[in-house]
file protein.cif (mmCIF, C-alpha atoms and all ligand atoms)
data_run
#
loop_
_atom_site.label_atom_id
_atom_site.label_comp_id
_atom_site.auth_asym_id
_atom_site.auth_seq_id
_atom_site.Cartn_x
_atom_site.Cartn_y
_atom_site.Cartn_z
CA MET Q 1 6.19 16.36 36.77
CA SER Q 2 7.22 13.91 34.10
CA ASN Q 3 8.80 15.33 30.96
CA ILE Q 4 8.49 12.08 29.02
CA PRO Q 5 6.57 12.87 25.85
CA ARG Q 6 3.24 11.09 25.53
CA ARG Q 7 2.01 9.53 22.34
CA ALA Q 8 -1.31 8.09 21.24
CA ALA Q 9 -2.18 4.39 21.28
CA PHE Q 10 -1.92 1.98 18.35
CA ILE Q 11 -4.83 -0.48 18.34
CA ALA Q 12 -5.38 -3.43 16.01
CA ILE Q 13 -8.73 -5.15 15.55
CA GLU Q 14 -8.17 -8.67 14.28
CA GLY Q 15 -10.53 -11.51 13.63
CA LEU Q 16 -11.95 -14.05 11.29
CA ASP Q 17 -13.97 -13.21 8.20
CA ARG Q 18 -17.48 -12.01 9.22
CA SER Q 19 -16.45 -11.52 12.85
CA GLY Q 20 -17.62 -7.90 12.72
CA LYS Q 21 -14.30 -6.06 12.54
CA THR Q 22 -15.51 -3.33 10.22
CA THR Q 23 -18.68 -2.86 12.28
CA GLN Q 24 -16.71 -2.58 15.53
CA VAL Q 25 -14.00 -0.32 14.12
CA ALA Q 26 -16.70 2.14 12.97
CA THR Q 27 -18.40 2.11 16.40
CA LEU Q 28 -15.07 2.59 18.12
CA GLN Q 29 -14.26 5.58 15.90
CA THR Q 30 -17.58 7.22 16.82
CA ARG Q 31 -16.97 6.62 20.49
CA LEU Q 32 -13.43 8.00 20.45
CA GLN Q 33 -14.59 11.08 18.56
CA ALA Q 34 -17.38 11.61 21.09
CA GLU Q 35 -14.69 11.69 23.77
CA GLY Q 36 -12.76 14.29 21.77
CA ILE Q 37 -9.92 11.88 20.98
CA PRO Q 38 -8.37 12.30 17.51
CA VAL Q 39 -8.50 8.98 15.67
CA LYS Q 40 -7.41 7.61 12.31
CA LEU Q 41 -8.83 4.36 10.94
CA LEU Q 42 -6.71 2.19 8.67
CA LYS Q 43 -7.76 -0.98 6.89
CA PHE Q 44 -5.50 -3.72 5.64
CA PRO Q 45 -5.40 -4.65 2.84
CA VAL Q 46 -5.20 -0.89 2.43
CA ASP Q 47 -7.15 0.94 -0.19
CA ARG Q 48 -7.49 -1.62 -2.94
CA THR Q 49 -6.81 1.12 -5.51
CA THR Q 50 -3.04 1.49 -4.96
CA ALA Q 51 -0.73 -0.56 -7.22
CA ILE Q 52 -0.12 -3.16 -4.51
CA GLY Q 53 -3.74 -2.92 -3.38
CA GLN Q 54 -4.94 -3.75 -6.90
CA MET Q 55 -2.76 -6.85 -7.07
CA ILE Q 56 -4.09 -8.03 -3.71
CA ASP Q 57 -7.68 -7.27 -4.70
CA SER Q 58 -7.39 -9.18 -7.96
CA TYR Q 59 -5.86 -12.15 -6.11
CA LEU Q 60 -8.59 -12.20 -3.43
CA ARG Q 61 -11.27 -12.16 -6.12
CA SER Q 62 -9.52 -15.11 -7.81
CA GLN Q 63 -8.97 -12.99 -10.91
CA SER Q 64 -5.24 -13.65 -10.77
CA GLU Q 65 -2.95 -16.36 -9.43
CA LEU Q 66 0.15 -15.68 -7.35
CA ASP Q 67 2.62 -17.87 -5.54
CA ASP Q 68 1.67 -18.16 -1.82
CA ARG Q 69 4.90 -16.44 -0.81
CA ALA Q 70 4.50 -13.66 -3.37
CA ILE Q 71 1.03 -12.71 -2.11
CA HIS Q 72 2.23 -12.92 1.49
CA LEU Q 73 5.00 -10.42 0.71
CA LEU Q 74 2.54 -8.10 -1.04
CA PHE Q 75 0.29 -8.02 2.05
CA SER Q 76 3.36 -7.19 4.14
CA ALA Q 77 4.56 -4.53 1.67
CA ASN Q 78 1.09 -3.00 1.90
CA ARG Q 79 1.65 -2.54 5.66
CA TRP Q 80 5.18 -1.18 5.20
CA GLU Q 81 3.77 1.47 2.86
CA LEU Q 82 1.95 2.93 5.89
CA ALA Q 83 4.44 2.22 8.70
CA ALA Q 84 5.98 5.70 8.72
CA SER Q 85 2.61 7.44 8.68
CA ILE Q 86 1.40 5.28 11.60
CA GLU Q 87 4.40 6.46 13.63
CA GLN Q 88 3.82 10.09 12.69
CA LEU Q 89 0.15 9.95 13.61
CA LEU Q 90 0.86 8.39 17.01
CA ALA Q 91 3.59 10.92 17.78
CA ALA Q 92 1.18 13.74 16.86
CA GLY Q 93 -1.38 12.38 19.35
CA THR Q 94 -3.76 10.64 16.95
CA THR Q 95 -5.00 7.23 18.04
CA VAL Q 96 -4.58 4.73 15.18
CA VAL Q 97 -7.10 1.89 14.82
CA CYS Q 98 -6.35 -0.81 12.24
CA ASP Q 99 -8.95 -3.14 10.72
CA ARG Q 100 -6.63 -6.19 10.38
CA TYR Q 101 -2.81 -6.04 10.66
CA ALA Q 102 0.22 -8.33 10.54
CA PHE Q 103 -1.49 -11.06 12.57
CA SER Q 104 -3.96 -11.63 9.73
CA GLY Q 105 -1.02 -11.87 7.38
CA VAL Q 106 0.59 -14.59 9.44
CA ALA Q 107 -2.65 -16.44 10.22
CA PHE Q 108 -3.89 -16.73 6.65
CA SER Q 109 -0.55 -17.68 5.09
CA THR Q 110 0.30 -20.18 7.84
CA ALA Q 111 -3.15 -21.74 7.37
CA LYS Q 112 -2.20 -22.30 3.71
CA GLY Q 113 0.84 -24.31 4.82
CA LEU Q 114 3.74 -21.85 5.03
CA SER Q 115 5.79 -21.95 8.21
CA LEU Q 116 4.92 -19.51 10.99
CA ASP Q 117 8.52 -18.30 11.23
CA TRP Q 118 8.78 -17.64 7.51
CA CYS Q 119 5.47 -15.77 7.59
CA ARG Q 120 6.56 -13.51 10.42
CA SER Q 121 9.85 -12.40 8.89
CA PRO Q 122 8.71 -9.70 6.40
CA ASP Q 123 6.73 -7.99 9.18
CA VAL Q 124 9.66 -7.90 11.61
CA SER Q 125 10.13 -4.37 13.00
CA LEU Q 126 6.79 -2.99 11.85
CA PRO Q 127 5.18 -0.82 14.58
CA ALA Q 128 3.65 -3.20 17.16
CA PRO Q 129 0.10 -2.49 18.33
CA ASP Q 130 -0.16 -1.50 22.00
CA LEU Q 131 -3.37 -3.53 22.09
CA THR Q 132 -4.75 -6.16 19.74
CA LEU Q 133 -8.41 -7.09 20.09
CA PHE Q 134 -9.10 -10.45 18.46
CA LEU Q 135 -12.76 -10.89 17.53
CA ASP Q 136 -13.36 -14.60 17.82
CA ILE Q 137 -16.28 -16.32 16.13
CA THR Q 138 -17.02 -19.93 15.26
CA PRO Q 139 -17.53 -20.89 11.61
CA GLU Q 140 -21.11 -21.78 12.57
CA GLN Q 141 -21.78 -18.26 13.84
CA ALA Q 142 -20.15 -16.77 10.74
CA ARG Q 143 -22.48 -18.88 8.63
CA SER Q 144 -25.49 -17.48 10.48
CA ARG Q 145 -24.40 -13.98 9.37
CA GLY Q 146 -25.25 -14.75 5.79
CA GLY Q 147 -22.29 -17.04 5.34
CA TYR Q 148 -18.97 -16.29 3.75
CA GLY Q 149 -18.79 -14.38 0.49
CA GLU Q 150 -17.13 -15.11 -2.80
CA GLU Q 151 -13.54 -14.36 -1.91
CA ARG Q 152 -10.68 -16.78 -2.04
CA TYR Q 153 -10.32 -17.53 1.69
CA GLU Q 154 -14.02 -17.52 2.53
CA LYS Q 155 -14.33 -21.28 2.91
CA GLU Q 156 -15.18 -23.02 6.16
CA GLU Q 157 -12.15 -25.33 6.17
CA MET Q 158 -9.77 -22.40 5.61
CA GLN Q 159 -11.47 -20.33 8.31
CA ARG Q 160 -11.07 -23.18 10.83
CA LYS Q 161 -7.34 -23.36 10.14
CA VAL Q 162 -6.99 -19.57 10.36
CA ARG Q 163 -8.78 -19.61 13.72
CA ASP Q 164 -6.35 -22.24 15.04
CA VAL Q 165 -3.35 -20.13 14.02
CA PHE Q 166 -4.85 -17.02 15.64
CA HIS Q 167 -5.27 -18.97 18.88
CA GLN Q 168 -1.64 -20.09 18.65
CA ILE Q 169 -0.46 -16.50 18.07
CA SER Q 170 -2.53 -15.23 20.99
CA SER Q 171 -0.75 -17.54 23.41
CA GLU Q 172 2.52 -15.65 22.72
CA PHE Q 173 1.18 -12.34 24.03
CA THR Q 174 0.43 -11.04 27.51
CA ALA Q 175 -3.13 -10.37 28.59
CA ALA Q 176 -2.31 -6.64 28.48
CA THR Q 177 -1.45 -6.61 24.78
CA TRP Q 178 -3.76 -9.26 23.28
CA VAL Q 179 -7.40 -9.70 24.21
CA THR Q 180 -9.74 -12.28 22.74
CA ILE Q 181 -13.34 -11.09 22.55
CA ASP Q 182 -16.32 -13.36 21.94
CA ALA Q 183 -17.66 -11.73 18.78
CA GLY Q 184 -20.58 -14.13 18.44
CA ARG Q 185 -22.74 -11.91 20.65
CA GLU Q 186 -24.88 -8.84 19.91
CA ARG Q 187 -23.08 -5.89 18.30
CA GLU Q 188 -23.65 -3.68 21.38
CA ASP Q 189 -22.17 -6.24 23.79
CA VAL Q 190 -19.07 -6.70 21.65
CA ALA Q 191 -18.72 -2.89 21.34
CA GLU Q 192 -18.92 -2.52 25.13
CA ASP Q 193 -16.04 -4.97 25.60
CA VAL Q 194 -13.99 -3.24 22.90
CA TRP Q 195 -14.53 0.14 24.54
CA ASN Q 196 -13.68 -1.09 28.03
CA PHE Q 197 -10.24 -2.18 26.82
CA VAL Q 198 -9.55 0.78 24.55
CA ARG Q 199 -10.58 3.45 27.07
CA GLN Q 200 -7.68 2.41 29.32
CA LEU Q 201 -5.28 3.72 26.66
CA THR Q 202 -7.01 6.96 25.74
CA GLY Q 203 -4.87 9.04 28.12
CA GLY Q 204 -1.84 8.36 25.92
CA LEU Q 205 1.30 6.35 26.60
CA SER Q 206 4.74 7.40 27.77
CA SER Q 207 6.40 4.14 26.67
CA PRO Q 208 8.02 4.06 23.22
CA LEU Q 209 6.26 2.27 20.39
CA GLU Q 210 7.38 -1.35 20.26
CA ARG Q 211 8.30 -3.35 17.16
CA LEU Q 212 7.02 -6.64 15.89
CA TRP Q 213 7.59 -9.42 16.55
N1 LIG K 1 -5.67 -11.19 4.45
C1 LIG K 1 -5.62 -9.94 5.01
C2 LIG K 1 -4.50 -11.95 4.28
O1 LIG K 1 -4.54 -13.06 3.78
N2 LIG K 1 -3.29 -11.42 4.66
C3 LIG K 1 -3.18 -10.16 5.23
O2 LIG K 1 -2.06 -9.70 5.55
C4 LIG K 1 -4.40 -9.39 5.41
C5 LIG K 1 -4.34 -8.01 6.02
C6 LIG K 1 -9.73 -9.72 2.97
C7 LIG K 1 -8.99 -11.01 3.10
O3 LIG K 1 -7.59 -10.75 3.14
C8 LIG K 1 -6.96 -11.73 3.98
C9 LIG K 1 -7.96 -12.00 5.03
C10 LIG K 1 -9.32 -11.84 4.32
O4 LIG K 1 -9.78 -13.10 3.89
P1 LIG K 1 -11.01 -7.99 4.41
O5 LIG K 1 -11.17 -7.14 3.21
O6 LIG K 1 -10.63 -7.30 5.67
O7 LIG K 1 -9.89 -9.09 4.20
O8 LIG K 1 -12.36 -8.82 4.55
P2 LIG K 1 -13.09 -9.34 5.84
O9 LIG K 1 -12.37 -8.94 7.06
O10 LIG K 1 -13.34 -10.77 5.64
O11 LIG K 1 -14.42 -8.55 5.83
P3 LIG K 1 -15.76 -9.14 6.30
O12 LIG K 1 -16.74 -8.20 5.73
O13 LIG K 1 -15.92 -10.54 5.99
O14 LIG K 1 -15.73 -9.14 7.86
P4 LIG K 1 -15.78 -8.16 9.06
O15 LIG K 1 -15.25 -6.81 8.74
O16 LIG K 1 -15.16 -8.87 10.16
O17 LIG K 1 -17.32 -8.05 9.41
P5 LIG K 1 -18.41 -6.90 9.20
O18 LIG K 1 -18.33 -5.92 10.29
O19 LIG K 1 -18.36 -6.41 7.82
O20 LIG K 1 -19.70 -7.80 9.45
C11 LIG K 1 -20.04 -8.89 8.59
C12 LIG K 1 -21.58 -9.05 8.56
O21 LIG K 1 -22.06 -9.43 9.84
C13 LIG K 1 -22.92 -8.45 10.39
C14 LIG K 1 -22.65 -7.18 9.59
O22 LIG K 1 -23.78 -6.34 9.56
C15 LIG K 1 -22.32 -7.74 8.23
O23 LIG K 1 -23.48 -8.08 7.52
N3 LIG K 1 -22.57 -8.34 11.82
C16 LIG K 1 -23.24 -8.97 12.82
N4 LIG K 1 -24.33 -9.76 12.81
C17 LIG K 1 -24.76 -10.24 13.99
N5 LIG K 1 -24.16 -9.96 15.20
C18 LIG K 1 -23.08 -9.15 15.24
N6 LIG K 1 -22.49 -8.90 16.44
C19 LIG K 1 -22.57 -8.63 14.01
N7 LIG K 1 -21.52 -7.82 13.72
C20 LIG K 1 -21.52 -7.67 12.38
NA NA K 2 -14.00 -11.41 3.75
#

call {"tool": "encode", "arguments": {"input": "protein.cif", "output": "structure tokens", "more": "lines below"}}
Ligand code: T5A
Ligand code: NA
result
Amino acid sequence: MSNIPRRAAFIAIEGLDRSGKTTQVATLQTRLQAEGIPVKLLKFPVDRTTAIGQMIDSYLRSQSELDDRAIHLLFSANRWELAASIEQLLAAGTTVVCDRYAFSGVAFSTAKGLSLDWCRSPDVSLPAPDLTLFLDITPEQARSRGGYGEERYEKEEMQRKVRDVFHQISSEFTAATWVTIDAGREREDVAEDVWNFVRQLTGGLSSPLERLW
């Protein structure tokens, strides 16, 4: 019998604006709970009511201006605020599902013109997801979902650039750790794909948590 301690899985749901991340994360939570698996949902940017969260929220609503690097570092700091609790939850056997993570940070800031390497650096050594599910959608499909909203990045040209960076990032990962899902389909079909990948990790992992990047 193995005496290696098992821990729960760390799963990130990434994707473009309107790709259905929040919808899928909620469905996944219900499904995990139905299987009796303890789960904690996190959303980045986290809780827009913390001090850093408020600065990010105000920036996204175009109510304040910040240097591109300054806002990038705030998004990263927002993740670092929760890094220790992510580790504790996983060690205690609670599956952690994140609605956006460091890959969004890199994709959006790189799309604005910062270098990919610079964008990665503040997130170096954050807990790495065991599995990232990237919900891919074309700008045309996003438009059919009522279009983008009022926020700063919700413009078609920006979303195209972000999508390109996400595709570039995905090519650096193995098929076991990064999965691209066609999110332009019906909610139920997307949810089925999400579940089929996540269920493979629900028995826990004996490998240590890895670090970005
Ligand atoms: N950001 C974020 C950074 O720049 N750096 C960072 O480090 C981080 C973490 C806010 C912004 O912050 C940027 C990226 C973002 O621009 P956010 O608050 O997470 O990020 O906002 P969004 O992710 O853009 O939230 P959205 O509401 O746009 O998108 P979701 O969560 O992907 O989509 P969801 O589930 O709310 O669905 C959108 C609509 O589509 C419908 C839903 O009912 C809803 O109306 N829908 C579908 N319709 C048809 N078919 C389906 N399969 C559907 N699934 C959902
Ligand atoms: Na949005």

call {"tool": "atom_distance", "arguments": {"input": "protein.cif", "atom1": "CA of Ala102 (chain Q)", "atom2": "CA of Arg185 (chain Q)"}}
result
25.3 Å

call {"tool": "closest_atom_pairs", "arguments": {"input": "protein.cif", "of": "chain Q", "to": "ligand LIG 1 (chain K)", "cutoff": "7 Å", "atoms": "only C-alpha atoms and all ligand atoms", "output": "JSON lines"}}
result
{"residue": "Q:Gly15", "atom": "CA", "partner": "K:LIG1", "partner_atom": "O16", "distance": 6.4}
{"residue": "Q:Leu16", "atom": "CA", "partner": "K:LIG1", "partner_atom": "O16", "distance": 6.2}
{"residue": "Q:Asp17", "atom": "CA", "partner": "K:LIG1", "partner_atom": "O10", "distance": 3.6}
{"residue": "Q:Arg18", "atom": "CA", "partner": "K:LIG1", "partner_atom": "O14", "distance": 3.6}
{"residue": "Q:Ser19", "atom": "CA", "partner": "K:LIG1", "partner_atom": "O16", "distance": 4.0}
{"residue": "Q:Gly20", "atom": "CA", "partner": "K:LIG1", "partner_atom": "O18", "distance": 3.2}
{"residue": "Q:Lys21", "atom": "CA", "partner": "K:LIG1", "partner_atom": "O16", "distance": 3.8}
{"residue": "Q:Thr22", "atom": "CA", "partner": "K:LIG1", "partner_atom": "O15", "distance": 3.8}
{"residue": "Q:Thr23", "atom": "CA", "partner": "K:LIG1", "partner_atom": "O18", "distance": 3.7}
{"residue": "Q:Gln24", "atom": "CA", "partner": "K:LIG1", "partner_atom": "O18", "distance": 6.4}
{"residue": "Q:Phe44", "atom": "CA", "partner": "K:LIG1", "partner_atom": "C5", "distance": 4.5}
{"residue": "Q:Pro45", "atom": "CA", "partner": "K:LIG1", "partner_atom": "C5", "distance": 4.7}
{"residue": "Q:Leu60", "atom": "CA", "partner": "K:LIG1", "partner_atom": "C7", "distance": 6.6}
{"residue": "Q:His72", "atom": "CA", "partner": "K:LIG1", "partner_atom": "N2", "distance": 6.5}
{"residue": "Q:Phe75", "atom": "CA", "partner": "K:LIG1", "partner_atom": "O2", "distance": 4.5}
{"residue": "Q:Ser76", "atom": "CA", "partner": "K:LIG1", "partner_atom": "O2", "distance": 6.1}
{"residue": "Q:Asp99", "atom": "CA", "partner": "K:LIG1", "partner_atom": "O6", "distance": 6.8}
{"residue": "Q:Arg100", "atom": "CA", "partner": "K:LIG1", "partner_atom": "C5", "distance": 5.3}
{"residue": "Q:Tyr101", "atom": "CA", "partner": "K:LIG1", "partner_atom": "C5", "distance": 5.3}
{"residue": "Q:Ala102", "atom": "CA", "partner": "K:LIG1", "partner_atom": "O2", "distance": 5.7}
{"residue": "Q:Ser104", "atom": "CA", "partner": "K:LIG1", "partner_atom": "C3", "distance": 4.8}
{"residue": "Q:Gly105", "atom": "CA", "partner": "K:LIG1", "partner_atom": "O2", "distance": 3.0}
{"residue": "Q:Val106", "atom": "CA", "partner": "K:LIG1", "partner_atom": "O2", "distance": 6.8}
{"residue": "Q:Phe108", "atom": "CA", "partner": "K:LIG1", "partner_atom": "O1", "distance": 4.7}
{"residue": "Q:Ser109", "atom": "CA", "partner": "K:LIG1", "partner_atom": "O1", "distance": 6.2}
{"residue": "Q:Arg145", "atom": "CA", "partner": "K:LIG1", "partner_atom": "O21", "distance": 5.1}
{"residue": "Q:Tyr148", "atom": "CA", "partner": "K:LIG1", "partner_atom": "O13", "distance": 6.9}
{"residue": "Q:Tyr153", "atom": "CA", "partner": "K:LIG1", "partner_atom": "O4", "distance": 5.0}
{"residue": "Q:Glu154", "atom": "CA", "partner": "K:LIG1", "partner_atom": "O4", "distance": 6.3}
{"residue": "Q:Ala183", "atom": "CA", "partner": "K:LIG1", "partner_atom": "N6", "distance": 6.1}
{"residue": "Q:Gly184", "atom": "CA", "partner": "K:LIG1", "partner_atom": "N6", "distance": 5.9}
{"residue": "Q:Arg185", "atom": "CA", "partner": "K:LIG1", "partner_atom": "N6", "distance": 5.2}
{"residue": "Q:Glu186", "atom": "CA", "partner": "K:LIG1", "partner_atom": "N6", "distance": 4.2}
{"residue": "Q:Arg187", "atom": "CA", "partner": "K:LIG1", "partner_atom": "N6", "distance": 3.6}
{"residue": "Q:Val190", "atom": "CA", "partner": "K:LIG1", "partner_atom": "N6", "distance": 6.6}

call {"tool": "write_last_selection", "arguments": {"input": "protein.cif", "atoms": "C-alpha atoms", "output": "PDB file, keeping the file's coordinate frame"}}
result
ATOM      1  CA  GLY Q  15     -10.530 -11.510  13.630  1.00  0.00           C
ATOM      2  CA  LEU Q  16     -11.950 -14.050  11.290  1.00  0.00           C
ATOM      3  CA  ASP Q  17     -13.970 -13.210   8.200  1.00  0.00           C
ATOM      4  CA  ARG Q  18     -17.480 -12.010   9.220  1.00  0.00           C
ATOM      5  CA  SER Q  19     -16.450 -11.520  12.850  1.00  0.00           C
ATOM      6  CA  GLY Q  20     -17.620  -7.900  12.720  1.00  0.00           C
ATOM      7  CA  LYS Q  21     -14.300  -6.060  12.540  1.00  0.00           C
ATOM      8  CA  THR Q  22     -15.510  -3.330  10.220  1.00  0.00           C
ATOM      9  CA  THR Q  23     -18.680  -2.860  12.280  1.00  0.00           C
ATOM     10  CA  GLN Q  24     -16.710  -2.580  15.530  1.00  0.00           C
ATOM     11  CA  PHE Q  44      -5.500  -3.720   5.640  1.00  0.00           C
ATOM     12  CA  PRO Q  45      -5.400  -4.650   2.840  1.00  0.00           C
ATOM     13  CA  LEU Q  60      -8.590 -12.200  -3.430  1.00  0.00           C
ATOM     14  CA  HIS Q  72       2.230 -12.920   1.490  1.00  0.00           C
ATOM     15  CA  PHE Q  75       0.290  -8.020   2.050  1.00  0.00           C
ATOM     16  CA  SER Q  76       3.360  -7.190   4.140  1.00  0.00           C
ATOM     17  CA  ASP Q  99      -8.950  -3.140  10.720  1.00  0.00           C
ATOM     18  CA  ARG Q 100      -6.630  -6.190  10.380  1.00  0.00           C
ATOM     19  CA  TYR Q 101      -2.810  -6.040  10.660  1.00  0.00           C
ATOM     20  CA  ALA Q 102       0.220  -8.330  10.540  1.00  0.00           C
ATOM     21  CA  SER Q 104      -3.960 -11.630   9.730  1.00  0.00           C
ATOM     22  CA  GLY Q 105      -1.020 -11.870   7.380  1.00  0.00           C
ATOM     23  CA  VAL Q 106       0.590 -14.590   9.440  1.00  0.00           C
ATOM     24  CA  PHE Q 108      -3.890 -16.730   6.650  1.00  0.00           C
ATOM     25  CA  SER Q 109      -0.550 -17.680   5.090  1.00  0.00           C
ATOM     26  CA  ARG Q 145     -24.400 -13.980   9.370  1.00  0.00           C
ATOM     27  CA  TYR Q 148     -18.970 -16.290   3.750  1.00  0.00           C
ATOM     28  CA  TYR Q 153     -10.320 -17.530   1.690  1.00  0.00           C
ATOM     29  CA  GLU Q 154     -14.020 -17.520   2.530  1.00  0.00           C
ATOM     30  CA  ALA Q 183     -17.660 -11.730  18.780  1.00  0.00           C
ATOM     31  CA  GLY Q 184     -20.580 -14.130  18.440  1.00  0.00           C
ATOM     32  CA  ARG Q 185     -22.740 -11.910  20.650  1.00  0.00           C
ATOM     33  CA  GLU Q 186     -24.880  -8.840  19.910  1.00  0.00           C
ATOM     34  CA  ARG Q 187     -23.080  -5.890  18.300  1.00  0.00           C
ATOM     35  CA  VAL Q 190     -19.070  -6.700  21.650  1.00  0.00           C
TER      36      VAL Q 190
END

call {"tool": "atom_distance", "arguments": {"input": "protein.cif", "atom1": "CA of Arg79 (chain Q)", "atom2": "CA of Glu35 (chain Q)"}}
result
28.2 Å

call {"tool": "residues_around", "arguments": {"input": "protein.cif", "residues": "Asp193 (chain Q)", "least_positions_apart": "2", "cutoff": "10 Å", "atoms": "all atoms listed in the file", "output": "count of residues only"}}
result
13

call {"tool": "closest_residue", "arguments": {"input": "protein.cif", "among": "Q:Leu82, Q:Ile169, Q:Leu212, Q:Leu131", "to": "Ile11 (chain Q)", "atoms": "only C-alpha atoms"}}
result
Q:Leu131

call {"tool": "axis_aligned_box", "arguments": {"input": "protein.cif", "around": "region 18-30 of chain Q", "padding_each_side": "3 Å", "output": "AutoDock Vina command-line options"}}
result
--center_x -16.3 --center_y -2.4 --center_z 13.7 --size_x 10.7 --size_y 25.2 --size_z 14.9

call {"tool": "closest_residue", "arguments": {"input": "protein.cif", "among": "Q:Glu81, Q:Glu210, Q:Glu150, Q:Glu157", "to": "ligand NA 2 (chain K)", "atoms": "only C-alpha atoms and all ligand atoms"}}
result
Q:Glu150

call {"tool": "closest_residue", "arguments": {"input": "protein.cif", "among": "Q:Pro122, Q:Gly113, Q:Gly93, Q:Pro38", "to": "Asp68 (chain Q)", "atoms": "only C-alpha atoms"}}
result
Q:Gly113

call {"tool": "decode", "arguments": {"input": "protein.cif", "residues": "region 177-188 of chain Q", "atoms": "N, CA, C and O atoms", "output": "CSV table (one decimal), in the first residue's frame"}}
result
chain,number,residue,atom,x,y,z
Q,177,THR,N,-2.4,18.6,-19.3
Q,177,THR,CA,-2.6,19.7,-18.3
Q,177,THR,C,-3.4,20.8,-18.9
Q,177,THR,O,-3.9,21.7,-18.2
Q,178,TRP,N,-3.5,20.9,-20.2
Q,178,TRP,CA,-4.3,22.0,-20.9
Q,178,TRP,C,-5.2,21.4,-21.9
Q,178,TRP,O,-4.7,20.8,-22.9
Q,179,VAL,N,-6.5,21.7,-21.8
Q,179,VAL,CA,-7.5,21.2,-22.8
Q,179,VAL,C,-8.3,22.3,-23.3
Q,179,VAL,O,-8.8,23.2,-22.6
Q,180,THR,N,-8.3,22.4,-24.6
Q,180,THR,CA,-9.2,23.4,-25.3
Q,180,THR,C,-10.5,22.8,-25.6
Q,180,THR,O,-10.6,21.8,-26.2
Q,181,ILE,N,-11.6,23.5,-25.1
Q,181,ILE,CA,-12.9,23.0,-25.3
Q,181,ILE,C,-13.7,24.0,-26.2
Q,181,ILE,O,-13.6,25.2,-25.9
Q,182,ASP,N,-14.4,23.5,-27.2
Q,182,ASP,CA,-15.2,24.3,-28.1
Q,182,ASP,C,-16.4,24.8,-27.3
Q,182,ASP,O,-17.4,24.0,-27.0
Q,183,ALA,N,-16.4,26.0,-26.8
Q,183,ALA,CA,-17.4,26.5,-26.0
Q,183,ALA,C,-18.6,27.2,-26.7
Q,183,ALA,O,-19.4,27.8,-26.1
Q,184,GLY,N,-18.5,27.1,-28.1
Q,184,GLY,CA,-19.6,27.7,-28.9
Q,184,GLY,C,-20.8,26.8,-29.0
Q,184,GLY,O,-21.7,27.1,-29.8
Q,185,ARG,N,-20.8,25.6,-28.3
Q,185,ARG,CA,-21.9,24.7,-28.4
Q,185,ARG,C,-22.9,24.9,-27.3
Q,185,ARG,O,-22.8,25.8,-26.5
Q,186,GLU,N,-23.9,24.0,-27.2
Q,186,GLU,CA,-24.9,24.1,-26.2
Q,186,GLU,C,-24.2,23.9,-24.8
Q,186,GLU,O,-23.3,23.2,-24.7
Q,187,ARG,N,-24.8,24.6,-23.8
Q,187,ARG,CA,-24.3,24.5,-22.4
Q,187,ARG,C,-24.1,23.0,-22.0
Q,187,ARG,O,-23.0,22.7,-21.4
Q,188,GLU,N,-25.0,22.1,-22.3
Q,188,GLU,CA,-25.0,20.8,-21.8
Q,188,GLU,C,-23.8,20.0,-22.4
Q,188,GLU,O,-23.2,19.2,-21.8
